[in-house]
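K.L.:
Encoded as structure tokens, here's the structure I'll be asking about.
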Amino acid sequence: MEQFFKLFLLLGLIGILTFHSGCGGDSTAPDDEPKKPSKTVSIPRFEKDSAFRFVEKQVAFGPRVPNSEAHRKCKEWLVRQFKSSGARVVEQDFQAKAYTGKMLNGTNIIAQFQPGRKKRILLAAHWDSRHIADSPLSTERRDEPILGADDGGSGVAVLLEVGRQLQENPIEMGVDIILFDAEDYGQSNDDQAAQESWCLGSQYWARNLHQNGYRPKYGILLDMVGAKGARFGKGQVSMNYAPRVMNKTWKLARNMGYGNYFVDVRSNGVTDDHYFVNTIAKIPMIDIINKPLKTETGFGSHWHTHNDNMKVIDKRTLRAVGQVMLAVTYREANGTF
């Protein structure tokens, strides 16, 4: 009897421990996501004509300089466009003093796809355009704002098309598309103060994340990704802070046949939005930015000139960058990136 009683107690204790172990596993589950997606989603085709029209629409507003009417109208259109793609949109308004002393009224536009998912990646671009045509190559109307078809418009267009594809081909992963404002209102010289006069929107966002505890797996920034013959090297800042993401993205691009755009060559660092996302928010982010060889400015000849218009935009370049962005996003969601 005594042995039976001990055996009964032992079995009861095992049952209790098993019950509590099971309850503890349920209560500490991080979220409702499976470790692997319940189904894989094929990578959709990036529609270059759609992206081209998105560039045209932005340029039709005129220069999107903060505090201008064109800036306000374009913001309203961008918000509507993301909402029409099924995103939850956050408009993060801020004020920042430009190097000129002017107070800028800016808005970071944050489009959240699958906002309830814990696993997330971040895709970004800046949506404002330069307030002056101050390139050394600029020969006219240097004090007038530029259209920024490539410098601003192209990256935004690619991400608008990515958002449209995410609605038509949903995935079991969160994607945040952030359009940073007031990136291009900086002072053109090389001292530290001048570097921090750029990217005012991303600086604000990095210090004031749109939600508590926001932590995407990584980010990818697009800047000047629409010009004919674009050349995207491996930038120094990206390689310092997110070399794994950069190397995997470039390898994927080459395997997809876009090695003529995504070249396996180191390029000089540049102060861009990704620098502040890396250093302030501590989120690993790379920059896909056109850095041609042997140019006076280090950028395309249209950079910060009035030649940055629709004539420089090439649909094939938009397709190359956009298809790589879709491949990264869908492979990440499928667990194959």
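Identifiers in this document derive from the order of the structure tokens: chains are assigned A, B, ..., residues are numbered from 1 separately in each chain, and ligands are numbered from 1 in order of occurrence.
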Neighbours of stretch 55-58 of chain A within 8 Å (only C-alpha atoms; same-chain residues fewer than 4 positions away dropped), as a PyMOL selection string?

P.N.:
chain A and resi 51+62+74+149+153-154+156-157+310

K.L.:
What would the file look like if the residues just selected were written as a PDB file, in the first residue's frame with C-alpha atoms?

P.N.:
```
ATOM      1  CA  ALA A  51       6.826  52.725 -60.955  1.00  0.00           C
ATOM      2  CA  GLY A  62       6.734  70.378 -58.686  1.00  0.00           C
ATOM      3  CA  CYS A  74       2.347  65.455 -52.600  1.00  0.00           C
ATOM      4  CA  ALA A 149      12.842  62.982 -60.309  1.00  0.00           C
ATOM      5  CA  GLY A 153      11.267  60.554 -56.664  1.00  0.00           C
ATOM      6  CA  SER A 154      12.750  57.260 -57.888  1.00  0.00           C
ATOM      7  CA  VAL A 156       9.649  56.643 -53.464  1.00  0.00           C
ATOM      8  CA  ALA A 157       8.228  55.262 -56.719  1.00  0.00           C
ATOM      9  CA  MET A 310      11.951  62.744 -66.083  1.00  0.00           C
TER      10      MET A 310
END
```

K.L.:
With a distance cut-off of 9 Å and only C-alpha atoms, select the neighbouring residues of A:Arg141, excluding the residue or stretch itself and same-chain residues fewer than 2 positions from it, and output the selection as a ChimeraX atom specification.

P.N.:
/A:132-133,138-139,143-145,305-306

K.L.:
For a quick check of understanding, using only C-alpha atoms, which of A:Leu122, A:Gly235, A:Ala98, A:Glu91 has the smallest distance to A:Ala193?

P.N.:
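Ranking A:Leu122, A:Gly235, A:Ala98, A:Glu91 by distance to A:Ala193, first place goes to A:Ala98.
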
K.L.:
Can you pull out the residues contacting A:Ile283? Cut-off 10 Å, using only C-alpha atoms, and skip same-chain residues under 5 positions away; I want them as a list in words.

P.N.:
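Skipping anything fewer than 5 positions along the chain leaves Leu122, Ala206, Tyr214, Arg215, Pro216, Lys217, Tyr218, Gly219, Tyr241, Ala242, His274, Tyr275, Phe276, Val277 and Asn278 of chain A.
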
K.L.:
With C-alpha atoms retained, could you export that selection as a CSV table (one decimal), in the first residue's frame?

P.N.:
```
chain,number,residue,atom,x,y,z
A,122,LEU,CA,12.1,48.3,-43.0
A,206,ALA,CA,15.5,57.6,-35.1
A,214,TYR,CA,10.2,49.0,-32.6
A,215,ARG,CA,12.9,46.6,-33.8
A,216,PRO,CA,12.8,45.4,-37.4
A,217,LYS,CA,15.3,42.8,-38.5
A,218,TYR,CA,17.1,45.2,-40.8
A,219,GLY,CA,16.4,48.1,-43.2
A,241,TYR,CA,27.0,48.6,-39.8
A,242,ALA,CA,25.2,46.0,-41.9
A,274,HIS,CA,20.8,55.1,-43.2
A,275,TYR,CA,23.7,56.7,-41.2
A,276,PHE,CA,21.3,58.1,-38.6
A,277,VAL,CA,19.1,55.0,-38.5
A,278,ASN,CA,22.3,52.9,-37.8
```

K.L.:
Could you check how far atom CA of A:Gly201 sits from atom CA of A:Val175, in Å to one decimal?

P.N.:
19.6 Å

K.L.:
I need the residue nearest A:Asn208 from this list: A:Asp93, A:Asp49, A:Glu332, A:Glu196. Use only C-alpha atoms for the distance.

P.N.:
A:Asp93

K.L.:
Excluding A:Ile171 and any residue of its chain fewer than 6 positions from it, enumerate the residues within 12 Å of it, using only C-alpha atoms, and give them as a list in words.

P.N.:
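Using only C-alpha atoms, the neighbours found are Glu33, Lys36, Pro37, Ser38, Lys39, Thr40, Val41, Ser42, Ile43, Pro44, Phe113, Gln114, Pro115, Arg117, Lys119, Arg120, Gly163, Gln165, Leu326, Thr329, Tyr330, Arg331, Glu332, Ala333, Asn334 and Gly335 of chain A.
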
K.L.:
What separation in Å, quoted to one decimal, exists between atom CA of A:Arg207 and atom CA of A:Leu222?

P.N.:
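Computed distance, atom CA of A:Arg207 to atom CA of A:Leu222, equals 20.7 Å.
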
K.L.:
Write down as number ranges by chain the residues belonging to stretch 89-200 of chain A that are assigned strand (DSSP E or B) by DSSP computed on the backbone.

P.N.:
A: 89-97, 103-113, 120-126, 174-180

K.L.:
With N, CA and C atoms retained, could you export that selection as an mmCIF file, in the first residue's frame?

P.N.:
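Saved result, again06.cif, follows:
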```
data_model
loop_
_atom_site.group_PDB
_atom_site.id
_atom_site.type_symbol
_atom_site.label_atom_id
_atom_site.label_comp_id
_atom_site.auth_asym_id
_atom_site.auth_seq_id
_atom_site.Cartn_x
_atom_site.Cartn_y
_atom_site.Cartn_z
ATOM 1 N N VAL A 89 -1.276 53.785 -42.148
ATOM 2 C CA VAL A 89 -0.343 54.898 -42.367
ATOM 3 C C VAL A 89 -0.255 55.779 -41.126
ATOM 4 N N VAL A 90 0.962 56.066 -40.731
ATOM 5 C CA VAL A 90 1.249 57.000 -39.645
ATOM 6 C C VAL A 90 1.925 58.225 -40.248
ATOM 7 N N GLU A 91 1.392 59.402 -39.959
ATOM 8 C CA GLU A 91 2.021 60.647 -40.388
ATOM 9 C C GLU A 91 2.742 61.244 -39.177
ATOM 10 N N GLN A 92 4.058 61.152 -39.191
ATOM 11 C CA GLN A 92 4.863 61.646 -38.070
ATOM 12 C C GLN A 92 5.325 63.074 -38.374
ATOM 13 N N ASP A 93 4.573 64.044 -37.888
ATOM 14 C CA ASP A 93 4.903 65.449 -38.112
ATOM 15 C C ASP A 93 6.028 65.879 -37.187
ATOM 16 N N PHE A 94 6.866 66.757 -37.675
ATOM 17 C CA PHE A 94 7.955 67.290 -36.857
ATOM 18 C C PHE A 94 8.359 68.669 -37.374
ATOM 19 N N GLN A 95 9.068 69.388 -36.555
ATOM 20 C CA GLN A 95 9.682 70.648 -36.952
ATOM 21 C C GLN A 95 11.186 70.545 -36.742
ATOM 22 N N ALA A 96 11.937 71.091 -37.669
ATOM 23 C CA ALA A 96 13.394 71.057 -37.569
ATOM 24 C C ALA A 96 13.966 72.340 -38.157
ATOM 25 N N LYS A 97 15.000 72.853 -37.519
ATOM 26 C CA LYS A 97 15.628 74.080 -38.005
ATOM 27 C C LYS A 97 16.693 73.732 -39.036
ATOM 28 N N MET A 103 12.723 77.402 -40.120
ATOM 29 C CA MET A 103 12.060 76.287 -39.460
ATOM 30 C C MET A 103 11.257 75.502 -40.494
ATOM 31 N N LEU A 104 11.561 74.231 -40.624
ATOM 32 C CA LEU A 104 10.904 73.378 -41.601
ATOM 33 C C LEU A 104 9.800 72.563 -40.931
ATOM 34 N N ASN A 105 8.662 72.500 -41.588
ATOM 35 C CA ASN A 105 7.562 71.647 -41.150
ATOM 36 C C ASN A 105 7.591 70.381 -41.993
ATOM 37 N N GLY A 106 7.970 69.294 -41.369
ATOM 38 C CA GLY A 106 8.137 68.044 -42.109
ATOM 39 C C GLY A 106 7.199 66.952 -41.640
ATOM 40 N N THR A 107 7.092 65.911 -42.456
ATOM 41 C CA THR A 107 6.285 64.733 -42.115
ATOM 42 C C THR A 107 6.977 63.478 -42.617
ATOM 43 N N ASN A 108 7.302 62.578 -41.716
ATOM 44 C CA ASN A 108 7.738 61.240 -42.103
ATOM 45 C C ASN A 108 6.488 60.393 -42.314
ATOM 46 N N ILE A 109 6.390 59.772 -43.482
ATOM 47 C CA ILE A 109 5.213 58.973 -43.828
ATOM 48 C C ILE A 109 5.566 57.499 -43.627
ATOM 49 N N ILE A 110 4.835 56.834 -42.717
ATOM 50 C CA ILE A 110 5.149 55.460 -42.333
ATOM 51 C C ILE A 110 3.984 54.563 -42.728
ATOM 52 N N ALA A 111 4.204 53.683 -43.686
ATOM 53 C CA ALA A 111 3.173 52.764 -44.162
ATOM 54 C C ALA A 111 3.472 51.372 -43.617
ATOM 55 N N GLN A 112 2.558 50.843 -42.818
ATOM 56 C CA GLN A 112 2.772 49.560 -42.153
ATOM 57 C C GLN A 112 1.914 48.479 -42.812
ATOM 58 N N PHE A 113 2.588 47.467 -43.317
ATOM 59 C CA PHE A 113 1.916 46.298 -43.874
ATOM 60 C C PHE A 113 2.031 45.154 -42.867
ATOM 61 N N ARG A 120 9.644 41.809 -38.817
ATOM 62 C CA ARG A 120 9.449 42.934 -39.718
ATOM 63 C C ARG A 120 10.768 43.314 -40.383
ATOM 64 N N ILE A 121 10.657 43.917 -41.563
ATOM 65 C CA ILE A 121 11.807 44.596 -42.164
ATOM 66 C C ILE A 121 11.371 46.008 -42.523
ATOM 67 N N LEU A 122 12.358 46.863 -42.756
ATOM 68 C CA LEU A 122 12.112 48.278 -43.019
ATOM 69 C C LEU A 122 12.677 48.654 -44.384
ATOM 70 N N LEU A 123 11.857 49.273 -45.224
ATOM 71 C CA LEU A 123 12.290 49.802 -46.517
ATOM 72 C C LEU A 123 12.048 51.307 -46.500
ATOM 73 N N ALA A 124 12.995 52.092 -47.003
ATOM 74 C CA ALA A 124 12.874 53.538 -46.845
ATOM 75 C C ALA A 124 13.429 54.302 -48.047
ATOM 76 N N ALA A 125 13.004 55.553 -48.156
ATOM 77 C CA ALA A 125 13.510 56.514 -49.131
ATOM 78 C C ALA A 125 13.176 57.898 -48.583
ATOM 79 N N HIS A 126 13.694 58.957 -49.212
ATOM 80 C CA HIS A 126 13.252 60.295 -48.814
ATOM 81 C C HIS A 126 12.352 60.846 -49.907
ATOM 82 N N GLY A 174 5.757 41.354 -41.410
ATOM 83 C CA GLY A 174 5.519 42.786 -41.414
ATOM 84 C C GLY A 174 6.539 43.525 -42.255
ATOM 85 N N VAL A 175 6.078 44.506 -42.989
ATOM 86 C CA VAL A 175 6.954 45.386 -43.767
ATOM 87 C C VAL A 175 6.557 46.829 -43.472
ATOM 88 N N ASP A 176 7.532 47.625 -43.086
ATOM 89 C CA ASP A 176 7.305 49.049 -42.871
ATOM 90 C C ASP A 176 8.016 49.830 -43.964
ATOM 91 N N ILE A 177 7.266 50.628 -44.691
ATOM 92 C CA ILE A 177 7.849 51.520 -45.683
ATOM 93 C C ILE A 177 7.834 52.931 -45.096
ATOM 94 N N ILE A 178 9.002 53.520 -44.951
ATOM 95 C CA ILE A 178 9.088 54.854 -44.367
ATOM 96 C C ILE A 178 9.656 55.818 -45.405
ATOM 97 N N LEU A 179 8.925 56.889 -45.645
ATOM 98 C CA LEU A 179 9.398 57.975 -46.492
ATOM 99 C C LEU A 179 9.845 59.111 -45.580
ATOM 100 N N PHE A 180 11.147 59.306 -45.510
ATOM 101 C CA PHE A 180 11.703 60.351 -44.655
ATOM 102 C C PHE A 180 11.587 61.710 -45.338
#
```

K.L.:
For A:Leu137, please output as a list in words all residues within 12 Å (counting only C-alpha atoms; exclusion window: fewer than 3 positions along the same chain).

P.N.:
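Once the nearby chain positions are removed, what remains is Ala133, Asp134, Glu140, Arg141, Arg142, Thr295, Glu296, Thr297, Gly298, Phe299, Gly300, Ser301, His302, Trp303, His304, Thr305, His306 and Asn307 of chain A.
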
K.L.:
Of the candidates A:Asp272, A:Gly322, A:Asp287, A:Asn212, which shows the shortest atom-to-atom distance to A:Asn247, using only C-alpha atoms?

P.N.:
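Under the stated criterion, the closest residue is A:Asp287.
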
K.L.:
Any idea what the distance is between atom CA of A:Met246 and atom CA of A:Ser267?

P.N.:
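Computing it gives 12.6 Å between the two atoms.
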
K.L.:
Identify, with DSSP run on backbone atoms, the residues in stretch 117-210 of chain A assigned to alpha helix (DSSP H), and express the list as a PyMOL selection string.

P.N.:
chain A and resi 155-168+192-195+200-207
